[in-house]
Amino acid sequence: MTLPPGTAEIVLALLGLCIGSFLNVCIHRLPLKQSVVHPGSRCPDCGYALRWYDNVPVVSYAALRGRCRSCARPISLQYPLVEIATGVIFVLHWYAFGPTIMLPVRLVFAAALIVLFLIDLEHQILPDVITLPGIVIGVILSLFLPPGPLMSLLGVAAGGGLLWAIAEGWYRLRKVEAMGFGDVKMLAMVGGWLGIKMVLLTFVLSSMLGGLVGAVLIGSRRADMATRVPFGTMLAVGALVASMYGESLLAWYLGRLGG
Ligand SMILES: [Zn+2]
């Protein structure tokens, strides 16, 4: 059976919008230690319980012009943006992995990264409830799938160990915390899913991105040297790039070194 061209992209975009809607709930509730399943969404102002037609990704937001149906309180633009970003990221995964078992596996990984990206950005925390099971699940999956159990375990050790050493060294040197242990656990999780090679690439990419973002913020006088760029947010972007394009990036880079 052949499907019309573009079918996979459309299905993944729609799936991404719906998953993105659930990720919004996770982003909003996990830092408050609330259940992500129950109760249903309510307006924080008037308590209006959202009906199914208020919960259609992007469409409801547009139809309601970004306001609560009951009290007209503005709804954060973040909700539709997360839904759209998730849809786009899901489609990019199709181009990166195609119809393979790695597609659903890496979609789950990406979903966790999206949640960590925003929670760290807003609250400067990386909930254990994602990172700790994330480490375990990554290692278990590696028993059957790339990068394989050895690379996965080395990834956990390198990811966690590297950041732990930096955090510990910085603390002894400057007596301030350069990063929290949330970052350590998150990079260990990335190592478990992607293996040692890609966790190192993730660290390099995230550090470069963090430096770039910091420079732009300082340049535009929106921050000073003491402003902390949430590192988990940078790690999420680095890990997402490494997950989808890491092998091609490394091949290109090593090719340049060789040529
Ligand atoms: Zn309301």
# chains A, B, ... in the order shown; residues from 1 in each chain; ligands from 1
$ closest_atom_pairs --of "chain A" --to "ligand 1" --cutoff "8 Å" --atoms "only C-alpha atoms and all ligand atoms" --output "tab-separated table"
residue	atom	partner	partner_atom_place_in_ligand_line	distance
A:Arg42	CA	ligand 1	1 (Zn)	7.8
A:Cys43	CA	ligand 1	1 (Zn)	4.6
A:Pro44	CA	ligand 1	1 (Zn)	6.6
A:Asp45	CA	ligand 1	1 (Zn)	5.0
A:Cys46	CA	ligand 1	1 (Zn)	4.2
A:Gly47	CA	ligand 1	1 (Zn)	6.1
A:Tyr48	CA	ligand 1	1 (Zn)	5.5
A:Arg67	CA	ligand 1	1 (Zn)	7.9
A:Cys68	CA	ligand 1	1 (Zn)	4.7
A:Arg69	CA	ligand 1	1 (Zn)	6.6
A:Ser70	CA	ligand 1	1 (Zn)	5.0
A:Cys71	CA	ligand 1	1 (Zn)	4.1
A:Ala72	CA	ligand 1	1 (Zn)	6.0
A:Arg73	CA	ligand 1	1 (Zn)	5.6
$ write_last_selection --atoms "all heavy atoms" --output "short mmCIF file (atom, residue, chain, number, x, y, z; two decimals), in the first residue's frame"
data_model
loop_
_atom_site.label_atom_id
_atom_site.label_comp_id
_atom_site.auth_asym_id
_atom_site.auth_seq_id
_atom_site.Cartn_x
_atom_site.Cartn_y
_atom_site.Cartn_z
N ARG A 42 -8.31 23.89 33.93
CA ARG A 42 -9.23 24.94 34.35
C ARG A 42 -8.57 26.30 34.16
O ARG A 42 -7.35 26.40 34.18
CB ARG A 42 -9.58 24.79 35.84
CG ARG A 42 -10.54 23.67 36.11
CD ARG A 42 -10.77 23.51 37.61
NE ARG A 42 -11.70 22.41 37.84
CZ ARG A 42 -13.02 22.52 37.79
NH1 ARG A 42 -13.56 23.71 37.55
NH2 ARG A 42 -13.80 21.49 37.99
N CYS A 43 -9.40 27.32 34.01
CA CYS A 43 -8.88 28.68 33.98
C CYS A 43 -8.39 29.02 35.38
O CYS A 43 -9.13 28.86 36.35
CB CYS A 43 -9.95 29.66 33.55
SG CYS A 43 -9.48 31.39 33.79
N PRO A 44 -7.14 29.46 35.54
CA PRO A 44 -6.63 29.76 36.88
C PRO A 44 -7.36 30.94 37.54
O PRO A 44 -7.31 31.09 38.76
CB PRO A 44 -5.14 30.09 36.64
CG PRO A 44 -5.02 30.37 35.19
CD PRO A 44 -6.13 29.66 34.50
N ASP A 45 -8.03 31.75 36.75
CA ASP A 45 -8.71 32.93 37.30
C ASP A 45 -10.13 32.61 37.76
O ASP A 45 -10.48 32.83 38.91
CB ASP A 45 -8.75 34.04 36.24
CG ASP A 45 -7.83 35.17 36.62
OD1 ASP A 45 -6.87 34.91 37.37
OD2 ASP A 45 -8.07 36.31 36.17
N CYS A 46 -10.96 32.10 36.86
CA CYS A 46 -12.38 31.95 37.18
C CYS A 46 -12.76 30.50 37.43
O CYS A 46 -13.90 30.21 37.80
CB CYS A 46 -13.24 32.52 36.06
SG CYS A 46 -13.17 31.60 34.53
N GLY A 47 -11.82 29.56 37.22
CA GLY A 47 -12.10 28.15 37.52
C GLY A 47 -12.90 27.46 36.44
O GLY A 47 -13.27 26.29 36.59
N TYR A 48 -13.17 28.15 35.32
CA TYR A 48 -13.93 27.54 34.22
C TYR A 48 -13.23 26.26 33.76
O TYR A 48 -12.04 26.27 33.46
CB TYR A 48 -14.04 28.54 33.07
CG TYR A 48 -14.50 27.97 31.76
CD1 TYR A 48 -15.85 27.66 31.56
CD2 TYR A 48 -13.61 27.74 30.71
CE1 TYR A 48 -16.27 27.13 30.37
CE2 TYR A 48 -14.04 27.21 29.50
CZ TYR A 48 -15.37 26.90 29.34
OH TYR A 48 -15.78 26.38 28.15
N ARG A 67 -8.09 34.18 24.75
CA ARG A 67 -8.72 34.56 26.02
C ARG A 67 -9.60 33.44 26.55
O ARG A 67 -10.12 32.64 25.80
CB ARG A 67 -9.56 35.83 25.84
CG ARG A 67 -8.69 37.04 25.60
CD ARG A 67 -9.49 38.31 25.40
NE ARG A 67 -8.56 39.43 25.26
CZ ARG A 67 -7.97 40.05 26.27
NH1 ARG A 67 -8.25 39.69 27.52
NH2 ARG A 67 -7.14 41.04 26.07
N CYS A 68 -9.77 33.41 27.89
CA CYS A 68 -10.66 32.43 28.51
C CYS A 68 -12.08 32.67 28.03
O CYS A 68 -12.54 33.81 27.96
CB CYS A 68 -10.58 32.56 30.04
SG CYS A 68 -11.87 31.65 30.91
N ARG A 69 -12.80 31.57 27.68
CA ARG A 69 -14.15 31.69 27.17
C ARG A 69 -15.08 32.32 28.20
O ARG A 69 -16.02 33.03 27.86
CB ARG A 69 -14.69 30.30 26.81
CG ARG A 69 -16.05 30.30 26.15
CD ARG A 69 -16.56 28.88 25.93
NE ARG A 69 -15.72 28.10 25.03
CZ ARG A 69 -15.76 28.20 23.70
NH1 ARG A 69 -16.59 29.04 23.13
NH2 ARG A 69 -14.98 27.47 22.95
N SER A 70 -14.80 32.08 29.48
CA SER A 70 -15.70 32.53 30.53
C SER A 70 -15.38 33.94 31.02
O SER A 70 -16.26 34.79 31.11
CB SER A 70 -15.64 31.52 31.68
OG SER A 70 -16.23 32.05 32.82
N CYS A 71 -14.08 34.21 31.38
CA CYS A 71 -13.77 35.49 32.02
C CYS A 71 -12.88 36.38 31.16
O CYS A 71 -12.52 37.48 31.56
CB CYS A 71 -13.10 35.27 33.37
SG CYS A 71 -11.42 34.61 33.24
N ALA A 72 -12.52 35.92 29.97
CA ALA A 72 -11.73 36.71 29.01
C ALA A 72 -10.32 37.02 29.49
O ALA A 72 -9.65 37.88 28.95
CB ALA A 72 -12.45 38.00 28.62
N ARG A 73 -9.86 36.31 30.53
CA ARG A 73 -8.47 36.48 30.97
C ARG A 73 -7.54 36.01 29.84
O ARG A 73 -7.79 34.98 29.22
CB ARG A 73 -8.25 35.62 32.21
CG ARG A 73 -6.84 35.59 32.73
CD ARG A 73 -6.78 34.53 33.83
NE ARG A 73 -5.58 34.66 34.65
CZ ARG A 73 -4.45 34.02 34.40
NH1 ARG A 73 -4.35 33.23 33.35
NH2 ARG A 73 -3.41 34.17 35.21
#
$ select_by_dssp --residues "region 17-230 of chain A" --states "helix (DSSP H, G or I)" --output "ChimeraX atom specification"
/A:17-32,52-54,59-63,78-97,102-123,128-142,149-174,181-219
$ residues_around --residues "region 29-35 of chain A" --least-positions-apart "5" --cutoff "8 Å" --atoms "only C-alpha atoms" --output "PyMOL selection string"
chain A and resi 119+123+125+127
$ closest_residue --among "A:Gln124, A:Ser152, A:Ser76, A:Ser248" --to "Asn24 (chain A)" --atoms "only C-alpha atoms"
A:Ser76
$ atom_distance --atom1 "CA of Val241 (chain A)" --atom2 "CA of Leu205 (chain A)"
8.4 Å
$ closest_residue --among "A:Tyr53, A:Ser21, A:Pro99, A:Thr131" --to "Gln78 (chain A)" --atoms "only C-alpha atoms"
A:Ser21
$ closest_residue --among "A:Ala112, A:Leu50, A:Leu163, A:Val105" --to "Ser142 (chain A)" --atoms "only C-alpha atoms"
A:Val105
$ atom_distance --atom1 "CA of Gly148 (chain A)" --atom2 "CA of Leu92 (chain A)"
23.8 Å
$ residues_around --residues "Leu107 (chain A)" --least-positions-apart "3" --cutoff "9 Å" --atoms "only C-alpha atoms" --output "list in words"
Ile89, Phe90, His93, Met102, Leu103, Pro104, Ala110, Ala111 and Ala112 of chain A
$ write_last_selection --atoms "N, CA and C atoms" --output "mmCIF file, in the first residue's frame"
data_model
loop_
_atom_site.group_PDB
_atom_site.id
_atom_site.type_symbol
_atom_site.label_atom_id
_atom_site.label_comp_id
_atom_site.auth_asym_id
_atom_site.auth_seq_id
_atom_site.Cartn_x
_atom_site.Cartn_y
_atom_site.Cartn_z
ATOM 1 N N ILE A 89 8.915 19.776 15.361
ATOM 2 C CA ILE A 89 9.982 18.858 15.783
ATOM 3 C C ILE A 89 9.624 17.411 15.402
ATOM 4 N N PHE A 90 8.339 17.051 15.513
ATOM 5 C CA PHE A 90 7.913 15.700 15.136
ATOM 6 C C PHE A 90 8.148 15.459 13.641
ATOM 7 N N HIS A 93 11.711 14.883 12.879
ATOM 8 C CA HIS A 93 12.103 13.516 13.226
ATOM 9 C C HIS A 93 11.799 12.540 12.092
ATOM 10 N N MET A 102 13.423 3.719 15.543
ATOM 11 C CA MET A 102 14.037 4.869 16.216
ATOM 12 C C MET A 102 13.117 6.089 16.203
ATOM 13 N N LEU A 103 12.178 6.126 15.264
ATOM 14 C CA LEU A 103 11.279 7.287 15.180
ATOM 15 C C LEU A 103 10.449 7.465 16.464
ATOM 16 N N PRO A 104 9.631 6.458 16.854
ATOM 17 C CA PRO A 104 8.862 6.652 18.101
ATOM 18 C C PRO A 104 9.756 6.813 19.326
ATOM 19 N N ALA A 110 12.400 13.426 22.569
ATOM 20 C CA ALA A 110 12.206 14.840 22.221
ATOM 21 C C ALA A 110 11.128 15.474 23.103
ATOM 22 N N ALA A 111 10.057 14.725 23.364
ATOM 23 C CA ALA A 111 8.973 15.257 24.197
ATOM 24 C C ALA A 111 9.496 15.591 25.593
ATOM 25 N N ALA A 112 10.316 14.701 26.150
ATOM 26 C CA ALA A 112 10.895 14.960 27.472
ATOM 27 C C ALA A 112 11.786 16.199 27.421
#
$ closest_residue --among "A:Ala63, A:Ala167, A:Ile101, A:Leu235" --to "Leu126 (chain A)" --atoms "only C-alpha atoms"
A:Leu235
